[in-house]
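Please read the structure below before turning to the comments.
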Amino acid sequence: MIDRLGEHLPSWPDTRLGLDTGLLIAAVSILAWGLVMVASASVAAGESASGTALQYFWRQLLFVLIGGGIAAVLWCVPMAFWARTTWIMFGGAVAVLVLVLIPGLGVEVNHATRWLNTPFVRLQPSEPARIALFIYLAGYLVRRQAEVQTSFSGLAKPLLILVIPAILLLAEPDFGATVVLYAVAFLMIFMSGAPLAYFVGLLMVAVAGLAFIATTESYRMQRLLNFTNPWADVEAGGWQLSQSLIAIGRGEWWGVGLGNSIQKLLYLPEMHTDFIFAILAEEFGLLGVAILIGLYAVLVTRGFGIARAAELREARFSAYLCYGLVGWLGLQALINFAVNMGMAPTKGLTLPLMSYGGSSLITAMAALGLILRVDLENRLAANAAENRR
């Protein structure tokens, strides 16, 4: 089986480097395009904030360099190390989520306390905590795989444990991060071989629970109403979505050209963060949107291929973690597309690898470092098997 896997490995880059060509090209393309779009989308915001048009571009470039360094370090760390630290990862994730809720430490922005100030960057703890929780869940699925595959309790236990960080996320509040956490957890559990009947039953319970939470807070309910008809309250609650739809509509087939967006001139809020996709659609049109979606599709497809290769060589921890990381990047991109196009309520989720933001960008690049580490170990295993022949 490993021998057959090795036959399909690309000859370039060198197998020893563990760099999947398709995934790397897609990720670097999105990163580079993201830098261009941050520079374009944030011109008015930068001038308004500090008088420097490229303020956010230079910051984003710094985040890319930091993220690249962290990804390189993680690429050098064996997956066995993370497999031995699953409970430490869980404890660390809960600790930082508690830390941000301590008065005087957490920074409140737009009525949400989601950030911690550090000497280098304003950190959003939910981002690195997400990776730590995926590491914990991958370890659980390996340790308790027989129980997960045969009993309801084995399937329910990790989801109940994740209630702890979910409550902390909702306290910030960060409903979008909670939805993504549980969606990826269900993906990882499904890929581990959970019984379909139990899986569907728990999924329905989780969806009902999240729907209940979404409708119990007045501001979330208002978002749902604005989502269904943003034009009914276009001067207030529907402003952001309506401006996003105007930007996307202006792009038509080919776009208005790089730098020529009108909506980025402080009409569309969060134009360089959560709604950068709308500015891209305005400037590059349907053609640009199709190319961007294609790049994410390549990234997800190649990422799942790496996870599957790890599963075939019985590296289950690496496989489940890789499924989770790739699923998170793909799902968050999909949600961001849907929100920008009015197909889902506003969630406050960035577009991975493209939106401005240190925490989200660095965390996404760290995830890529871990995925490429799995790919490296797949290649080393294939090479070892080939040498034994």
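Residue names in the structure tokens use chain letters A, B, ... in the order shown, residue numbers from 1 in each chain, and ligand numbers from 1 in the order shown.
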Note to self: Quick check for you: according to DSSP on this backbone, which residues of region 184-352 of chain A are classed as helix (DSSP H, G or I)? Reply as number ranges by chain.
What the structure shows: A: 184-191, 196-216, 218-228, 230-233, 239-251, 276-312, 316-340
The selected residues should be written to file as a tab-separated table (two decimals), in the first residue's frame (atoms: C-alpha atoms).
```
chain	number	residue	atom	x	y	z
A	184	VAL	CA	-14.56	20.76	12.17
A	185	ALA	CA	-14.89	18.50	15.24
A	186	PHE	CA	-17.75	16.67	13.53
A	187	LEU	CA	-15.67	16.36	10.35
A	188	MET	CA	-12.75	14.83	12.26
A	189	ILE	CA	-15.04	12.42	14.12
A	190	PHE	CA	-16.72	11.39	10.86
A	191	MET	CA	-13.37	10.72	9.20
A	196	LEU	CA	-23.40	6.93	10.78
A	197	ALA	CA	-26.60	6.64	12.85
A	198	TYR	CA	-24.95	7.98	16.01
A	199	PHE	CA	-23.13	10.63	14.02
A	200	VAL	CA	-26.29	11.97	12.34
A	201	GLY	CA	-28.16	11.96	15.64
A	202	LEU	CA	-25.50	13.99	17.44
A	203	LEU	CA	-25.16	16.31	14.46
A	204	MET	CA	-28.87	17.10	14.59
A	205	VAL	CA	-28.63	17.80	18.32
A	206	ALA	CA	-25.63	20.10	17.76
A	207	VAL	CA	-27.38	21.99	14.94
A	208	ALA	CA	-30.48	22.44	17.10
A	209	GLY	CA	-28.35	23.68	19.99
A	210	LEU	CA	-26.48	26.20	17.85
A	211	ALA	CA	-29.77	27.37	16.30
A	212	PHE	CA	-31.17	27.92	19.78
A	213	ILE	CA	-28.10	29.91	20.83
A	214	ALA	CA	-28.28	31.97	17.63
A	215	THR	CA	-31.85	33.06	18.35
A	216	THR	CA	-31.57	33.77	22.09
A	218	SER	CA	-31.19	39.99	20.30
A	219	TYR	CA	-28.16	41.11	18.27
A	220	ARG	CA	-27.83	37.66	16.69
A	221	MET	CA	-31.53	37.65	15.88
A	222	GLN	CA	-31.15	41.07	14.30
A	223	ARG	CA	-28.31	39.73	12.13
A	224	LEU	CA	-30.60	36.94	10.95
A	225	LEU	CA	-33.30	39.45	10.05
A	226	ASN	CA	-30.81	41.71	8.26
A	227	PHE	CA	-29.48	38.70	6.39
A	228	THR	CA	-32.91	37.74	5.07
A	230	PRO	CA	-30.71	43.75	4.12
A	231	TRP	CA	-32.54	46.33	1.99
A	232	ALA	CA	-35.31	46.66	4.59
A	233	ASP	CA	-32.90	48.45	6.96
A	239	TRP	CA	-25.75	48.55	5.61
A	240	GLN	CA	-22.75	46.21	5.62
A	241	LEU	CA	-24.36	43.41	3.64
A	242	SER	CA	-26.00	45.78	1.16
A	243	GLN	CA	-22.67	47.51	0.49
A	244	SER	CA	-21.02	44.12	0.04
A	245	LEU	CA	-23.66	43.10	-2.50
A	246	ILE	CA	-23.22	46.40	-4.33
A	247	ALA	CA	-19.46	45.82	-4.53
A	248	ILE	CA	-19.89	42.28	-5.88
A	249	GLY	CA	-22.52	43.46	-8.37
A	250	ARG	CA	-20.27	46.26	-9.65
A	251	GLY	CA	-17.58	43.71	-10.51
A	276	ILE	CA	-12.11	41.69	1.51
A	277	PHE	CA	-13.74	39.14	-0.79
A	278	ALA	CA	-16.35	41.73	-1.81
A	279	ILE	CA	-13.62	44.21	-2.80
A	280	LEU	CA	-11.82	41.48	-4.74
A	281	ALA	CA	-15.07	40.67	-6.56
A	282	GLU	CA	-15.55	44.36	-7.38
A	283	GLU	CA	-12.04	44.82	-8.75
A	284	PHE	CA	-11.57	41.41	-10.46
A	285	GLY	CA	-15.15	40.43	-11.26
A	286	LEU	CA	-16.54	36.94	-11.66
A	287	LEU	CA	-13.31	35.81	-13.30
A	288	GLY	CA	-11.29	36.74	-10.21
A	289	VAL	CA	-13.83	35.09	-7.91
A	290	ALA	CA	-13.67	31.87	-9.94
A	291	ILE	CA	-9.85	31.85	-9.81
A	292	LEU	CA	-9.84	32.48	-6.05
A	293	ILE	CA	-12.35	29.70	-5.39
A	294	GLY	CA	-10.25	27.43	-7.61
A	295	LEU	CA	-7.13	28.18	-5.54
A	296	TYR	CA	-8.95	27.28	-2.32
A	297	ALA	CA	-10.29	24.14	-3.97
A	298	VAL	CA	-6.74	23.09	-4.88
A	299	LEU	CA	-5.56	23.79	-1.33
A	300	VAL	CA	-8.37	21.72	0.20
A	301	THR	CA	-8.08	18.89	-2.31
A	302	ARG	CA	-4.32	18.56	-1.88
A	303	GLY	CA	-4.68	18.87	1.90
A	304	PHE	CA	-7.22	16.05	2.06
A	305	GLY	CA	-4.94	14.03	-0.20
A	306	ILE	CA	-2.11	14.44	2.31
A	307	ALA	CA	-4.42	13.40	5.15
A	308	ARG	CA	-5.58	10.35	3.21
A	309	ALA	CA	-1.98	9.34	2.49
A	310	ALA	CA	-1.23	9.52	6.23
A	311	GLU	CA	-4.29	7.40	6.94
A	312	LEU	CA	-3.18	4.78	4.44
A	316	ARG	CA	-3.93	8.13	12.33
A	317	PHE	CA	-3.04	11.11	14.53
A	318	SER	CA	-1.44	12.90	11.58
A	319	ALA	CA	-4.37	12.01	9.35
A	320	TYR	CA	-7.10	13.22	11.70
A	321	LEU	CA	-5.27	16.43	12.55
A	322	CYS	CA	-4.66	17.11	8.87
A	323	TYR	CA	-8.34	16.49	8.07
A	324	GLY	CA	-9.25	18.98	10.79
A	325	LEU	CA	-6.80	21.71	9.74
A	326	VAL	CA	-7.69	21.47	6.05
A	327	GLY	CA	-11.40	21.27	6.85
A	328	TRP	CA	-11.11	24.39	9.00
A	329	LEU	CA	-9.37	26.43	6.26
A	330	GLY	CA	-11.85	25.29	3.62
A	331	LEU	CA	-14.94	25.72	5.79
A	332	GLN	CA	-13.98	29.18	7.00
A	333	ALA	CA	-13.29	30.29	3.42
A	334	LEU	CA	-16.68	28.91	2.36
A	335	ILE	CA	-18.46	30.71	5.20
A	336	ASN	CA	-16.68	33.96	4.36
A	337	PHE	CA	-17.74	33.66	0.70
A	338	ALA	CA	-21.33	32.98	1.77
A	339	VAL	CA	-21.43	35.92	4.19
A	340	ASN	CA	-20.04	38.34	1.61
```
Taking 3 positions as the minimum chain separation for residues in the same chain, which residues sit within 12 Å of Asp174 (chain A) when counting only C-alpha atoms? Answer as an MDAnalysis selection string. chainID A and resid 97 110:115 124:127 165:171 177:181 213:214 220 346:349
Correct to one decimal, the distance CA of Gly34 (chain A)-CA of Leu266 (chain A) is 19.1 Å
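Nearest-residue note for Phe275 (chain A): choosing from A:Thr118, A:Asn387, A:Ser355, A:Ser151, the minimum distance belongs to A:Ser355, counting only C-alpha atoms.
Residues in contact range of Pro128 (chain A), defined as at most 9 Å between only C-alpha atoms, with sequence neighbours fewer than 6 positions away removed, read Ala93, Ser359, Ser360, Ile362, Thr363 and Ala366 of chain A.
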Serialized selection, C-alpha atoms, as a PDB file, in the first residue's frame:
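The resulting file, part39.pdb, is shown below:
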```pdb
ATOM      1  CA  ALA A  93      -6.399  26.524  24.775  1.00  0.00           C
ATOM      2  CA  SER A 359      -3.839  36.347  14.583  1.00  0.00           C
ATOM      3  CA  SER A 360      -5.870  34.823  11.753  1.00  0.00           C
ATOM      4  CA  ILE A 362      -0.330  33.632  11.420  1.00  0.00           C
ATOM      5  CA  THR A 363      -2.580  30.828  12.667  1.00  0.00           C
ATOM      6  CA  ALA A 366       0.913  27.672  11.220  1.00  0.00           C
TER       7      ALA A 366
END
```
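Interatomic distance, CA of Met79 (chain A) to CA of Ala315 (chain A): 9.5 Å.
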message = When you look at Gln145 (chain A) with a cut-off of 9 Å (counting only C-alpha atoms), what residues show up, excluding the ones that are within fewer than 6 positions of it in the same chain? I need them as a ChimeraX atom specification.
response = /A:154,192-194
Restricting it to N, CA and C atoms, dump the selection as a PDB file, in the first residue's frame.
```
ATOM      1  N   GLY A 154     -18.638   6.988  23.205  1.00  0.00           N
ATOM      2  CA  GLY A 154     -17.326   7.323  22.660  1.00  0.00           C
ATOM      3  C   GLY A 154     -17.389   8.471  21.684  1.00  0.00           C
ATOM      4  N   SER A 192     -12.926   9.603  11.326  1.00  0.00           N
ATOM      5  CA  SER A 192     -12.339   8.549  12.156  1.00  0.00           C
ATOM      6  C   SER A 192     -13.157   7.262  12.132  1.00  0.00           C
ATOM      7  N   GLY A 193     -14.301   7.284  11.442  1.00  0.00           N
ATOM      8  CA  GLY A 193     -15.086   6.061  11.295  1.00  0.00           C
ATOM      9  C   GLY A 193     -16.241   5.937  12.253  1.00  0.00           C
ATOM     10  N   ALA A 194     -16.811   7.048  12.710  1.00  0.00           N
ATOM     11  CA  ALA A 194     -17.936   7.002  13.633  1.00  0.00           C
ATOM     12  C   ALA A 194     -19.153   6.366  12.971  1.00  0.00           C
TER      13      ALA A 194
END
```
message: Taking the DSSP secondary structure from the backbone, can you list the residues of region 82-317 of chain A that are strand (DSSP E), as a ChimeraX atom specification?
response: /A:106-109,112-117,122-123
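Picture a line from CA of Ser42 (chain A) to CA of Val109 (chain A); it runs 18.7 Å.
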Min atom-atom distance to Met271 (chain A) from the set A:Ala385, A:Ala367, A:Met354, A:Ile30, counting only C-alpha atoms, belongs to A:Met354
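Take the candidates A:Ile135, A:Thr350, A:Leu155, A:Glu172 and check each one against Leu101 (chain A) using only C-alpha atoms; the shortest distance goes to A:Glu172.
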